[in-house]
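Shown here: work09.csv, CSV, C-alpha atoms and all ligand atoms.
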```csv
chain,number,residue,atom,x,y,z
C,619,MET,CA,16.8,27.3,5.9
C,620,SER,CA,14.2,24.6,5.7
C,621,SER,CA,12.2,22.9,3.0
C,622,THR,CA,8.4,22.4,3.2
C,623,VAL,CA,6.7,20.3,0.6
C,624,ASN,CA,3.6,18.3,1.5
C,625,SER,CA,4.0,17.9,5.3
C,626,TRP,CA,7.8,17.4,5.3
C,627,LYS,CA,9.7,20.1,7.1
C,628,ILE,CA,13.4,19.5,7.6
C,629,SER,CA,16.2,22.1,7.9
C,630,SER,CA,19.4,21.8,5.8
C,631,ALA,CA,21.3,21.4,9.1
C,632,GLN,CA,19.0,18.5,10.3
C,633,ALA,CA,19.3,16.7,6.9
C,634,GLU,CA,23.0,17.1,6.9
C,635,GLU,CA,23.3,15.8,10.5
C,636,LEU,CA,21.1,12.7,9.8
C,637,ALA,CA,23.2,12.1,6.6
C,638,ARG,CA,26.4,12.4,8.7
C,639,GLN,CA,25.1,9.9,11.3
C,640,HIS,CA,23.6,7.3,8.9
C,641,GLY,CA,25.2,8.0,5.5
C,642,THR,CA,23.4,8.5,2.2
C,643,PRO,CA,21.2,7.4,0.6
C,644,LEU,CA,19.0,7.4,3.6
C,645,TYR,CA,15.3,6.8,4.1
C,646,ILE,CA,13.8,9.0,6.8
C,647,TYR,CA,10.3,8.3,8.1
C,648,ASP,CA,8.3,10.9,10.0
C,649,SER,CA,6.1,9.2,12.6
C,650,LYS,CA,3.9,12.3,13.0
C,651,ILE,CA,2.7,11.9,9.4
C,652,VAL,CA,1.8,8.3,9.9
C,653,ARG,CA,-0.2,9.2,13.0
C,654,ARG,CA,-2.0,11.9,11.1
C,655,GLN,CA,-2.8,9.6,8.2
C,656,ILE,CA,-4.3,7.0,10.5
C,657,ASP,CA,-6.3,9.7,12.3
C,658,SER,CA,-7.7,11.0,9.0
C,659,PHE,CA,-8.6,7.4,7.8
C,660,ARG,CA,-10.3,6.6,11.1
C,661,ALA,CA,-12.2,9.9,11.1
C,662,ALA,CA,-13.6,9.3,7.6
C,663,PHE,CA,-14.9,5.8,8.4
C,664,SER,CA,-15.8,6.4,12.1
C,665,ARG,CA,-19.5,6.1,11.3
C,666,PHE,CA,-18.9,2.3,10.7
C,667,ASP,CA,-17.6,-0.5,12.9
C,668,HIS,CA,-14.3,-0.9,11.1
C,669,ARG,CA,-10.8,-2.4,11.4
C,670,ILE,CA,-7.7,-1.4,9.6
C,671,HIS,CA,-5.1,-4.0,8.6
C,672,TYR,CA,-2.0,-2.1,7.4
C,673,ALA,CA,-0.7,-3.6,4.1
C,674,MET,CA,2.9,-4.1,5.3
C,675,LYS,CA,4.2,-4.8,1.8
C,676,ALA,CA,4.2,-1.0,1.4
C,677,ASN,CA,6.8,-0.7,4.1
C,678,SER,CA,7.8,-3.4,6.6
C,679,ASN,CA,10.3,-1.4,8.6
C,680,THR,CA,10.1,-2.7,12.1
C,681,SER,CA,10.0,0.7,13.9
C,682,LEU,CA,7.1,1.5,11.6
C,683,LEU,CA,5.4,-1.8,12.4
C,684,HIS,CA,5.8,-1.1,16.2
C,685,LEU,CA,4.1,2.2,15.6
C,686,MET,CA,1.3,0.6,13.7
C,687,LYS,CA,0.8,-1.9,16.5
C,688,GLU,CA,0.8,0.9,19.1
C,689,LEU,CA,-1.8,2.7,17.1
C,690,GLY,CA,-4.1,-0.3,17.0
C,691,MET,CA,-3.6,-1.5,13.4
C,692,GLY,CA,-3.8,-5.1,12.3
C,693,ILE,CA,-1.7,-6.4,9.5
C,694,ASP,CA,-2.4,-7.5,5.9
C,695,ALA,CA,0.5,-9.9,5.1
C,696,VAL,CA,1.4,-11.5,1.8
C,697,SER,CA,4.1,-14.0,2.7
C,698,ILE,CA,4.9,-16.3,5.6
C,699,ASP,CA,7.9,-14.1,6.5
C,700,GLU,CA,5.7,-11.0,6.7
C,701,ILE,CA,3.6,-13.0,9.1
C,702,ARG,CA,6.6,-14.0,11.2
C,703,ILE,CA,7.9,-10.4,11.3
C,704,SER,CA,4.5,-9.2,12.5
C,705,LEU,CA,4.3,-11.8,15.2
C,706,GLU,CA,7.8,-10.9,16.4
C,707,VAL,CA,6.7,-7.2,16.5
C,708,GLY,CA,3.8,-8.3,18.8
C,709,PHE,CA,0.8,-8.4,16.6
C,710,TYR,CA,-1.8,-11.1,17.6
C,711,ALA,CA,-2.2,-13.8,15.0
C,712,SER,CA,-5.9,-13.0,14.9
C,713,ASP,CA,-5.1,-9.5,13.8
C,714,ILE,CA,-3.2,-10.7,10.8
C,715,ILE,CA,-4.8,-11.5,7.4
C,716,PHE,CA,-2.8,-13.5,5.0
C,717,THR,CA,-3.5,-12.9,1.3
C,718,PRO,CA,-1.3,-15.3,-0.7
C,719,ASN,CA,-1.3,-16.1,-4.4
C,720,GLY,CA,0.7,-18.5,-6.4
C,721,VAL,CA,2.4,-20.1,-3.3
C,722,ALA,CA,2.2,-23.7,-2.4
C,723,PHE,CA,-0.7,-24.7,-0.1
C,724,GLU,CA,1.9,-25.6,2.5
C,725,GLU,CA,2.5,-21.9,3.1
C,726,LEU,CA,-1.2,-21.4,3.8
C,727,GLN,CA,-1.0,-24.4,6.2
C,728,GLN,CA,1.9,-22.8,8.1
C,729,ALA,CA,-0.2,-19.6,8.4
C,730,ILE,CA,-3.1,-21.7,9.7
C,731,ASP,CA,-0.8,-23.4,12.2
C,732,LEU,CA,0.1,-19.9,13.4
C,733,GLY,CA,-3.5,-18.9,13.9
C,734,VAL,CA,-3.6,-16.3,11.1
C,735,ARG,CA,-6.7,-15.4,9.1
C,736,LEU,CA,-6.7,-16.5,5.5
C,737,ASN,CA,-7.9,-14.6,2.4
C,738,ILE,CA,-8.6,-17.2,-0.3
C,739,GLU,CA,-8.3,-16.0,-3.9
C,740,ASN,CA,-8.8,-19.1,-6.1
C,741,LEU,CA,-10.8,-22.3,-6.2
C,742,SER,CA,-7.7,-24.5,-5.9
C,743,TYR,CA,-6.9,-23.1,-2.4
C,744,LEU,CA,-10.6,-23.2,-1.5
C,745,GLU,CA,-10.8,-26.9,-2.3
C,746,LYS,CA,-7.6,-27.7,-0.5
C,747,LEU,CA,-8.7,-25.7,2.6
C,748,GLY,CA,-12.0,-27.6,2.6
C,749,GLU,CA,-10.4,-31.0,2.1
C,750,ALA,CA,-7.9,-30.4,4.9
C,751,HIS,CA,-10.0,-28.5,7.5
C,752,GLY,CA,-13.7,-28.6,6.5
C,753,GLY,CA,-15.4,-25.9,8.5
C,754,ASP,CA,-12.7,-25.7,11.2
C,755,VAL,CA,-10.7,-22.9,9.7
C,756,PRO,CA,-12.7,-19.9,8.7
C,757,CYS,CA,-11.6,-17.8,5.8
C,758,THR,CA,-12.2,-14.7,3.7
C,759,LEU,CA,-13.2,-15.1,0.1
C,760,ARG,CA,-11.4,-12.7,-2.4
C,761,VAL,CA,-13.5,-11.6,-5.3
C,762,HIS,CA,-12.0,-10.4,-8.7
C,763,PRO,CA,-12.2,-6.6,-9.0
C,764,GLY,CA,-13.7,-6.8,-12.5
C,765,LEU,CA,-16.9,-7.8,-10.8
C,766,VAL,CA,-17.0,-4.6,-8.8
C,767,ILE,CA,-15.8,-1.6,-10.6
C,768,PRO,CA,-18.7,0.3,-12.2
C,769,GLU,CA,-18.4,0.6,-16.0
C,770,ALA,CA,-18.4,4.3,-15.9
C,771,SER,CA,-15.5,4.5,-13.5
C,772,ARG,CA,-13.1,1.9,-15.0
C,773,ASP,CA,-9.8,3.6,-15.4
C,774,ALA,CA,-8.1,3.9,-18.7
C,775,THR,CA,-5.3,1.6,-17.7
C,776,GLY,CA,-7.7,-1.4,-17.6
C,777,TRP,CA,-6.1,-2.5,-14.3
C,778,TYR,CA,-9.3,-4.3,-13.2
C,779,GLN,CA,-9.2,-6.4,-16.4
C,780,ARG,CA,-5.6,-7.3,-16.2
C,781,SER,CA,-5.7,-8.1,-12.5
C,782,ARG,CA,-5.5,-11.8,-11.9
C,783,PHE,CA,-6.4,-11.6,-8.2
C,784,GLY,CA,-9.6,-13.0,-6.8
C,785,ILE,CA,-12.3,-15.3,-7.9
C,786,ASP,CA,-13.9,-14.4,-11.2
C,787,ARG,CA,-17.6,-13.8,-11.6
C,788,GLN,CA,-18.0,-17.0,-13.7
C,789,GLN,CA,-16.5,-19.0,-10.9
C,790,ILE,CA,-18.6,-17.8,-8.0
C,791,PRO,CA,-21.2,-20.6,-8.4
C,792,LEU,CA,-18.4,-23.1,-8.3
C,793,ALA,CA,-16.9,-21.5,-5.2
C,794,LEU,CA,-20.3,-21.7,-3.5
C,795,GLN,CA,-20.5,-25.4,-4.4
C,796,ILE,CA,-17.1,-26.0,-2.8
C,797,ILE,CA,-18.0,-24.0,0.3
C,798,LYS,CA,-21.2,-26.1,0.6
C,799,LYS,CA,-19.5,-29.4,0.0
C,800,HIS,CA,-17.0,-28.9,2.8
C,801,ALA,CA,-19.1,-26.6,5.0
C,802,ILE,CA,-16.4,-24.0,4.9
C,803,ARG,CA,-17.0,-21.0,7.1
C,804,VAL,CA,-16.6,-17.8,5.0
C,805,GLU,CA,-16.5,-15.0,7.6
C,806,ALA,CA,-15.5,-12.1,5.3
C,807,LEU,CA,-15.7,-11.1,1.6
C,808,HIS,CA,-12.9,-9.2,0.1
C,809,VAL,CA,-12.1,-7.1,-2.9
C,810,HIS,CA,-9.0,-4.9,-3.6
C,811,SER,CA,-10.4,-2.7,-6.4
C,812,SER,CA,-7.2,-1.1,-7.6
C,813,SER,CA,-4.0,0.5,-6.5
C,814,MET,CA,-5.1,3.9,-7.7
C,815,ILE,CA,-8.7,4.5,-6.6
C,816,LEU,CA,-10.0,7.8,-7.9
C,817,ASP,CA,-13.7,7.0,-8.3
C,818,GLU,CA,-15.4,7.8,-5.0
C,819,THR,CA,-18.3,5.4,-5.7
C,820,VAL,CA,-16.1,2.4,-5.9
C,821,PHE,CA,-16.4,1.2,-2.3
C,822,GLY,CA,-20.2,1.5,-2.5
C,823,ALA,CA,-20.3,-0.5,-5.7
C,824,ALA,CA,-18.0,-3.1,-4.2
C,825,ALA,CA,-20.2,-3.4,-1.1
C,826,GLU,CA,-23.3,-4.0,-3.2
C,827,ILE,CA,-21.6,-6.9,-5.1
C,828,LEU,CA,-20.2,-8.4,-1.9
C,829,ILE,CA,-23.5,-8.0,-0.1
C,830,ASP,CA,-25.2,-10.0,-2.8
C,831,LEU,CA,-22.8,-12.8,-2.1
C,832,ALA,CA,-23.2,-12.3,1.7
C,833,ARG,CA,-26.9,-13.1,1.3
C,834,GLU,CA,-25.8,-16.6,0.3
C,835,LEU,CA,-23.2,-17.0,3.0
C,836,PRO,CA,-24.7,-16.6,6.5
C,837,ASP,CA,-21.3,-16.8,8.3
C,838,VAL,CA,-20.1,-13.5,6.7
C,839,VAL,CA,-19.6,-10.8,9.4
C,840,ALA,CA,-17.3,-8.4,7.5
C,841,LEU,CA,-16.6,-6.9,4.1
C,842,ASP,CA,-12.9,-6.2,3.4
C,843,LEU,CA,-12.5,-3.4,0.9
C,844,GLY,CA,-8.7,-3.8,0.5
C,845,GLY,CA,-6.4,-0.9,0.0
C,846,GLY,CA,-5.7,1.3,-3.0
C,847,ILE,CA,-6.5,4.7,-1.6
C,848,ARG,CA,-3.7,7.0,-2.7
C,849,PRO,CA,-2.6,10.3,-1.2
C,850,PRO,CA,-1.5,12.9,-3.7
C,851,HIS,CA,2.1,12.6,-4.8
C,852,HIS,CA,2.5,16.1,-6.2
C,853,ALA,CA,0.5,19.4,-6.2
C,854,ASP,CA,-1.7,18.5,-9.2
C,855,ASP,CA,-2.1,14.9,-8.4
C,856,ASP,CA,-5.7,13.6,-8.3
C,857,HIS,CA,-6.8,11.8,-5.1
C,858,PRO,CA,-10.1,10.6,-3.8
C,859,ASP,CA,-12.1,12.2,-0.9
C,860,LEU,CA,-12.3,9.7,1.9
C,861,ASP,CA,-15.6,11.1,3.2
C,862,ALA,CA,-17.2,10.5,-0.2
C,863,LEU,CA,-15.8,7.0,-0.3
C,864,ALA,CA,-17.3,6.4,3.2
C,865,ARG,CA,-20.7,8.0,2.2
C,866,SER,CA,-20.9,5.6,-0.7
C,867,LEU,CA,-21.0,2.7,1.8
C,868,GLU,CA,-23.9,4.0,3.9
C,869,LYS,CA,-26.9,2.9,1.7
C,870,PRO,CA,-25.8,-0.7,0.9
C,871,LEU,CA,-24.8,-1.5,4.4
C,872,SER,CA,-27.9,0.0,6.1
C,873,GLU,CA,-30.3,-1.6,3.6
C,874,PHE,CA,-28.6,-5.0,4.2
C,875,GLN,CA,-28.9,-4.5,7.9
C,876,GLN,CA,-32.6,-3.6,7.7
C,877,GLU,CA,-33.3,-6.6,5.4
C,878,THR,CA,-31.4,-9.3,7.3
C,879,GLY,CA,-30.7,-7.9,10.8
C,880,ARG,CA,-27.0,-8.5,10.1
C,881,LYS,CA,-24.6,-5.6,10.8
C,882,LEU,CA,-21.5,-6.1,8.8
C,883,GLN,CA,-18.1,-4.9,10.0
C,884,LEU,CA,-15.8,-3.1,7.5
C,885,TRP,CA,-12.2,-4.0,7.1
C,886,PHE,CA,-9.6,-2.0,5.1
C,887,GLU,CA,-6.1,-2.7,4.1
C,888,PRO,CA,-4.5,0.6,3.3
C,889,GLY,CA,-0.7,0.7,2.5
C,890,ARG,CA,0.3,3.8,0.7
C,891,TYR,CA,-2.3,6.0,2.2
C,892,LEU,CA,-0.8,5.5,5.6
C,893,VAL,CA,2.9,5.6,4.8
C,894,SER,CA,3.6,7.2,1.4
C,895,GLU,CA,3.9,10.7,2.6
C,896,CYS,CA,5.9,9.9,5.8
C,897,GLY,CA,9.0,8.9,3.8
C,898,LEU,CA,11.8,11.1,2.5
C,899,LEU,CA,14.7,9.5,0.5
C,900,VAL,CA,17.8,11.6,1.1
C,901,THR,CA,20.4,11.4,-1.6
C,902,ARG,CA,23.7,13.1,-2.3
C,903,ALA,CA,24.3,14.9,-5.6
C,904,ASN,CA,27.8,13.8,-6.5
C,905,VAL,CA,28.1,14.8,-10.2
C,906,ILE,CA,26.7,17.6,-12.3
C,907,LYS,CA,27.3,17.3,-16.0
C,908,LYS,CA,26.1,18.6,-19.3
C,909,VAL,CA,24.8,16.2,-21.9
C,910,GLY,CA,23.6,18.2,-25.0
C,911,ASP,CA,21.2,20.8,-23.6
C,912,ARG,CA,20.4,18.7,-20.5
C,913,THR,CA,21.9,19.2,-17.2
C,914,VAL,CA,22.2,15.9,-15.4
C,915,VAL,CA,22.6,15.6,-11.7
C,916,GLY,CA,24.1,12.2,-10.7
C,917,VAL,CA,23.0,11.1,-7.3
C,918,ASP,CA,24.0,8.2,-5.0
C,919,THR,CA,20.6,6.4,-5.1
C,920,GLY,CA,18.8,4.9,-8.1
C,921,PHE,CA,16.0,2.5,-9.1
C,922,HIS,CA,17.5,-0.2,-6.9
C,923,GLN,CA,16.3,1.9,-4.0
C,924,LEU,CA,13.2,3.6,-5.4
C,925,ILE,CA,11.8,1.7,-8.4
C,926,ARG,CA,8.5,3.4,-8.7
C,927,PRO,CA,9.5,6.0,-11.3
C,928,LYS,CA,11.0,3.2,-13.5
C,929,LEU,CA,8.3,0.6,-12.8
C,930,TYR,CA,5.1,2.7,-12.8
C,931,GLY,CA,6.3,6.0,-14.3
C,932,ALA,CA,5.5,7.5,-10.9
C,933,ARG,CA,6.4,11.1,-10.3
C,934,HIS,CA,8.0,12.0,-7.0
C,935,GLU,CA,8.7,15.6,-6.1
C,936,ILE,CA,12.3,16.3,-5.4
C,937,VAL,CA,13.7,19.2,-3.3
C,938,ASN,CA,17.2,20.6,-2.8
C,939,LEU,CA,17.5,20.1,0.9
C,940,SER,CA,20.9,21.9,1.1
C,941,ARG,CA,19.7,25.0,-0.9
C,942,PRO,CA,15.9,25.2,-0.6
C,943,GLU,CA,15.8,28.8,-2.1
C,944,GLY,CA,17.3,30.5,-5.0
C,945,PRO,CA,16.9,30.9,-8.8
C,946,LEU,CA,15.6,27.8,-10.4
C,947,HIS,CA,17.4,25.6,-13.0
C,948,ASP,CA,16.2,22.6,-15.0
C,949,TYR,CA,17.8,19.2,-14.2
C,950,ASP,CA,17.4,15.5,-15.0
C,951,ILE,CA,18.1,13.6,-11.8
C,952,CYS,CA,19.8,10.3,-12.6
C,953,GLY,CA,20.8,7.5,-10.3
C,954,CYS,CA,24.1,5.7,-9.9
C,955,LEU,CA,23.2,2.4,-11.5
C,956,CYS,CA,24.9,1.3,-14.7
C,957,GLU,CA,21.5,1.7,-16.5
C,958,GLU,CA,19.4,4.5,-17.9
C,959,ASP,CA,18.6,5.2,-14.3
C,960,GLU,CA,16.5,8.4,-14.5
C,961,LEU,CA,14.6,9.2,-11.3
C,962,ALA,CA,13.1,12.4,-12.6
C,963,GLY,CA,13.3,14.4,-15.8
C,964,ASN,CA,13.2,18.1,-16.4
C,965,ARG,CA,12.8,19.3,-12.8
C,966,SER,CA,13.2,22.9,-11.7
C,967,LEU,CA,15.3,23.1,-8.5
C,968,PRO,CA,17.3,25.9,-6.8
C,969,GLN,CA,20.8,25.6,-8.3
C,970,VAL,CA,22.3,22.2,-7.4
C,971,HIS,CA,26.0,22.1,-6.5
C,972,GLU,CA,28.0,18.9,-6.2
C,973,GLY,CA,27.7,17.7,-2.6
C,974,ASP,CA,24.2,19.0,-2.1
C,975,LEU,CA,21.6,16.8,-0.4
C,976,LEU,CA,18.4,16.2,-2.4
C,977,GLY,CA,15.2,14.9,-0.9
C,978,ILE,CA,12.8,12.6,-2.8
C,979,LEU,CA,9.3,13.0,-1.4
C,980,ASN,CA,6.5,10.5,-0.9
C,981,ALA,CA,9.0,7.7,-0.7
C,982,GLY,CA,7.5,5.9,2.4
C,983,ALA,CA,5.4,3.3,0.4
C,984,TYR,CA,6.9,0.7,-1.9
C,985,GLY,CA,10.3,2.4,-1.6
C,986,PHE,CA,12.7,0.5,0.7
C,987,SER,CA,10.3,-2.5,0.6
C,988,MET,CA,10.9,-2.9,-3.1
C,989,ALA,CA,14.7,-2.2,-2.9
C,990,SER,CA,17.3,-4.6,-4.3
C,991,THR,CA,21.0,-4.9,-4.2
C,992,TYR,CA,21.4,-4.6,-8.0
C,993,ASN,CA,24.9,-3.6,-9.1
C,994,SER,CA,26.0,-5.1,-5.7
C,995,ARG,CA,24.9,-1.9,-4.0
C,996,PRO,CA,23.9,-2.4,-0.4
C,997,LEU,CA,20.4,-1.5,0.9
C,998,PRO,CA,20.2,2.1,2.3
C,999,ALA,CA,19.8,2.9,6.0
C,1000,GLU,CA,16.4,3.8,7.3
C,1001,VAL,CA,15.6,6.0,10.3
C,1002,MET,CA,12.4,7.0,11.9
C,1003,ILE,CA,12.0,10.4,13.6
C,1101,LIG,C1,-4.9,-7.3,-1.3
C,1101,LIG,C2,-4.3,-6.0,-1.2
C,1101,LIG,N1,-4.6,-5.2,-0.1
C,1101,LIG,C3,-4.0,-4.0,0.1
C,1101,LIG,C4,-3.0,-3.5,-0.8
C,1101,LIG,C5,-2.4,-2.2,-0.4
C,1101,LIG,O1,-2.6,-1.3,-1.5
C,1101,LIG,P1,-2.2,0.2,-1.3
C,1101,LIG,O2,-0.8,0.3,-0.8
C,1101,LIG,O3,-2.4,0.8,-2.7
C,1101,LIG,O4,-3.2,0.8,-0.3
C,1101,LIG,C6,-2.7,-4.2,-1.9
C,1101,LIG,C7,-1.7,-3.7,-2.9
C,1101,LIG,O5,-1.3,-4.3,-3.8
C,1101,LIG,C8,-3.3,-5.5,-2.1
C,1101,LIG,O6,-3.1,-6.2,-3.2
```
With the file now loaded, output its structure as structure tokens.
Amino acid sequence: MSSTVNSWKISSAQAEELARQHGTPLYIYDSKIVRRQIDSFRAAFSRFDHRIHYAMKANSNTSLLHLMKELGMGIDAVSIDEIRISLEVGFYASDIIFTPNGVAFEELQQAIDLGVRLNIENLSYLEKLGEAHGGDVPCTLRVHPGLVIPEASRDATGWYQRSRFGIDRQQIPLALQIIKKHAIRVEALHVHSSSMILDETVFGAAAEILIDLARELPDVVALDLGGGIRPPHHADDDHPDLDALARSLEKPLSEFQQETGRKLQLWFEPGRYLVSECGLLVTRANVIKKVGDRTVVGVDTGFHQLIRPKLYGARHEIVNLSRPEGPLHDYDICGCLCEEDELAGNRSLPQVHEGDLLGILNAGAYGFSMASTYNSRPLPAEVMI
């Protein structure tokens, strides 16, 4: 018997064997799915000179990073330790972009000493960079997404407004003054428009805004459109068409090239698009109990190991790996923490017996990398197949 949901195919026997070898809970990553996602990303944007910097915050497993390196990815890093890990894996410093916020400038200086590229998101860092290095250390300038997202496509959550990342529209003239004062070389312009891009015109709109700025900054050779493209997490989940996103970039880029003779490179920083689907979190159902009219399945993982349902209300499909077929029953799947640790409510699964293995899908991004040892529970094992 085997389960097939999205691209995951694993037999009950295989799941049981991996659980026997590594214990549960267990994160399993399928390298074939990562390769496929990279191929599809590349295919969509192949009409442009482009580079992909994998956002390693999504999953910094070192086997996965080795695979990313082998497949020609660069790295988008958010801490000095992410930089160190990537260098140890073998990434060149020049293929790493550091996008810090809130940290002391000393951390940026350490990154500069290592030869990593900087993405500057506030005037304070820009001024300090200029004072310390003038035009010797080139940088990317990160722009606030509120500048970019077209009115009509602003999502109901208002993410673009609440975002604190990037230089605000009102501050762009000040940024230009600082750049001029210190002769800072701005080589790329960046925006991360959201972590749930659904509007397929958003890259084009971002490019138009960034290009306006590029007109004033002659050293700019690239536009970095960040990450945020999400693959579907369940059958009815909305997701953007990559080809449409790519098409939206054609006009602004070609017009800019005709007007100025400058051919801009495109950089991207996808995280979840590349690794979400590759991850399966395997957990053991240890307790089945009735609470009123609910049937609760108590499993040996929880929000300490997959926080997305709790933090973002994210829905992850769950399958019964031990019994993929059979009449369906409704369950609430709850974790083992001493908390209201519900991972999924009201799910129909083939009858679950104590001891069955369940698989939580789309767990490759922001799963293990956001895990903690809350309740003094150790981190789970990870294995790549
Ligand atoms: C600057 C930047 N780049 C890339 C990403 C990756 O986003 P995603 O995993 O949604 O593609 C993020 C996510 O927070 C980000 O802030």
Find the residues around C:Ile738 up to 10 Å (all atoms listed in the file counted), leave out those fewer than 4 positions away in its own chain, and share them as a VMD selection string. chain C and resid 716 to 719 726 742 to 744 747 757 to 761 783 to 785 804 807 to 808
Which chains and residue numbers are within 6 Å of ligand LIG 1101 (chain C), counting only C-alpha atoms and all ligand atoms, if I want them as a count of residues only? 13
Residues at most 7 Å from C:Gly752, counting all atoms listed in the file, excluding those fewer than 3 positions away in the same chain, as a VMD selection string? chain C and resid 747 to 749 800 to 802
Of the listed residues C:Ser630, C:Ser781, C:Ser681, C:Gln795, that which approaches C:Glu943 most closely, counting all atoms listed in the file: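 Closest residue, counting all atoms listed in the file: C:Ser630.
Counting all atoms listed in the file, the residue from C:Gly944, C:Gly910, C:Pro927, C:Gly897 that sits nearest to C:Ala983 is C:Gly897.
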To one decimal in Å, tell me the separation between atom CA of C:Val809 and atom CA of C:Phe709.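 Separation of atom CA of C:Val809 and atom CA of C:Phe709: 23.4 Å.
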Name all residues at most 7 Å from stretch 966-973 of chain C (count only C-alpha atoms; drop same-chain ones fewer than 5 positions away) and give them as a ChimeraX atom specification. /C:902-906,937-938,941-949
Can you work out the spacing between atom CA of C:Thr991 and atom CA of C:Leu961 in Å, to one decimal?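 Answer for the atom CA of C:Thr991 to atom CA of C:Leu961 separation: 17.0 Å.
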Measure the distance from atom CA of C:Ser629 to atom CA of C:Ala981 in Å and round it to one decimal.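 Between these atoms lies a distance of 18.3 Å.
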From the list C:Pro850, C:Pro836, C:Pro643, C:Gly720, which residue is nearest C:Gly953 when using all atoms listed in the file?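 Closest to C:Gly953, using all atoms listed in the file: C:Pro643.
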Kindly indicate which residue among C:Leu882, C:Asn737, C:Trp626, C:Ser712 lies nearest to C:Glu935, using all atoms listed in the file for the distances.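 Of all the options, C:Trp626 lies closest to C:Glu935.
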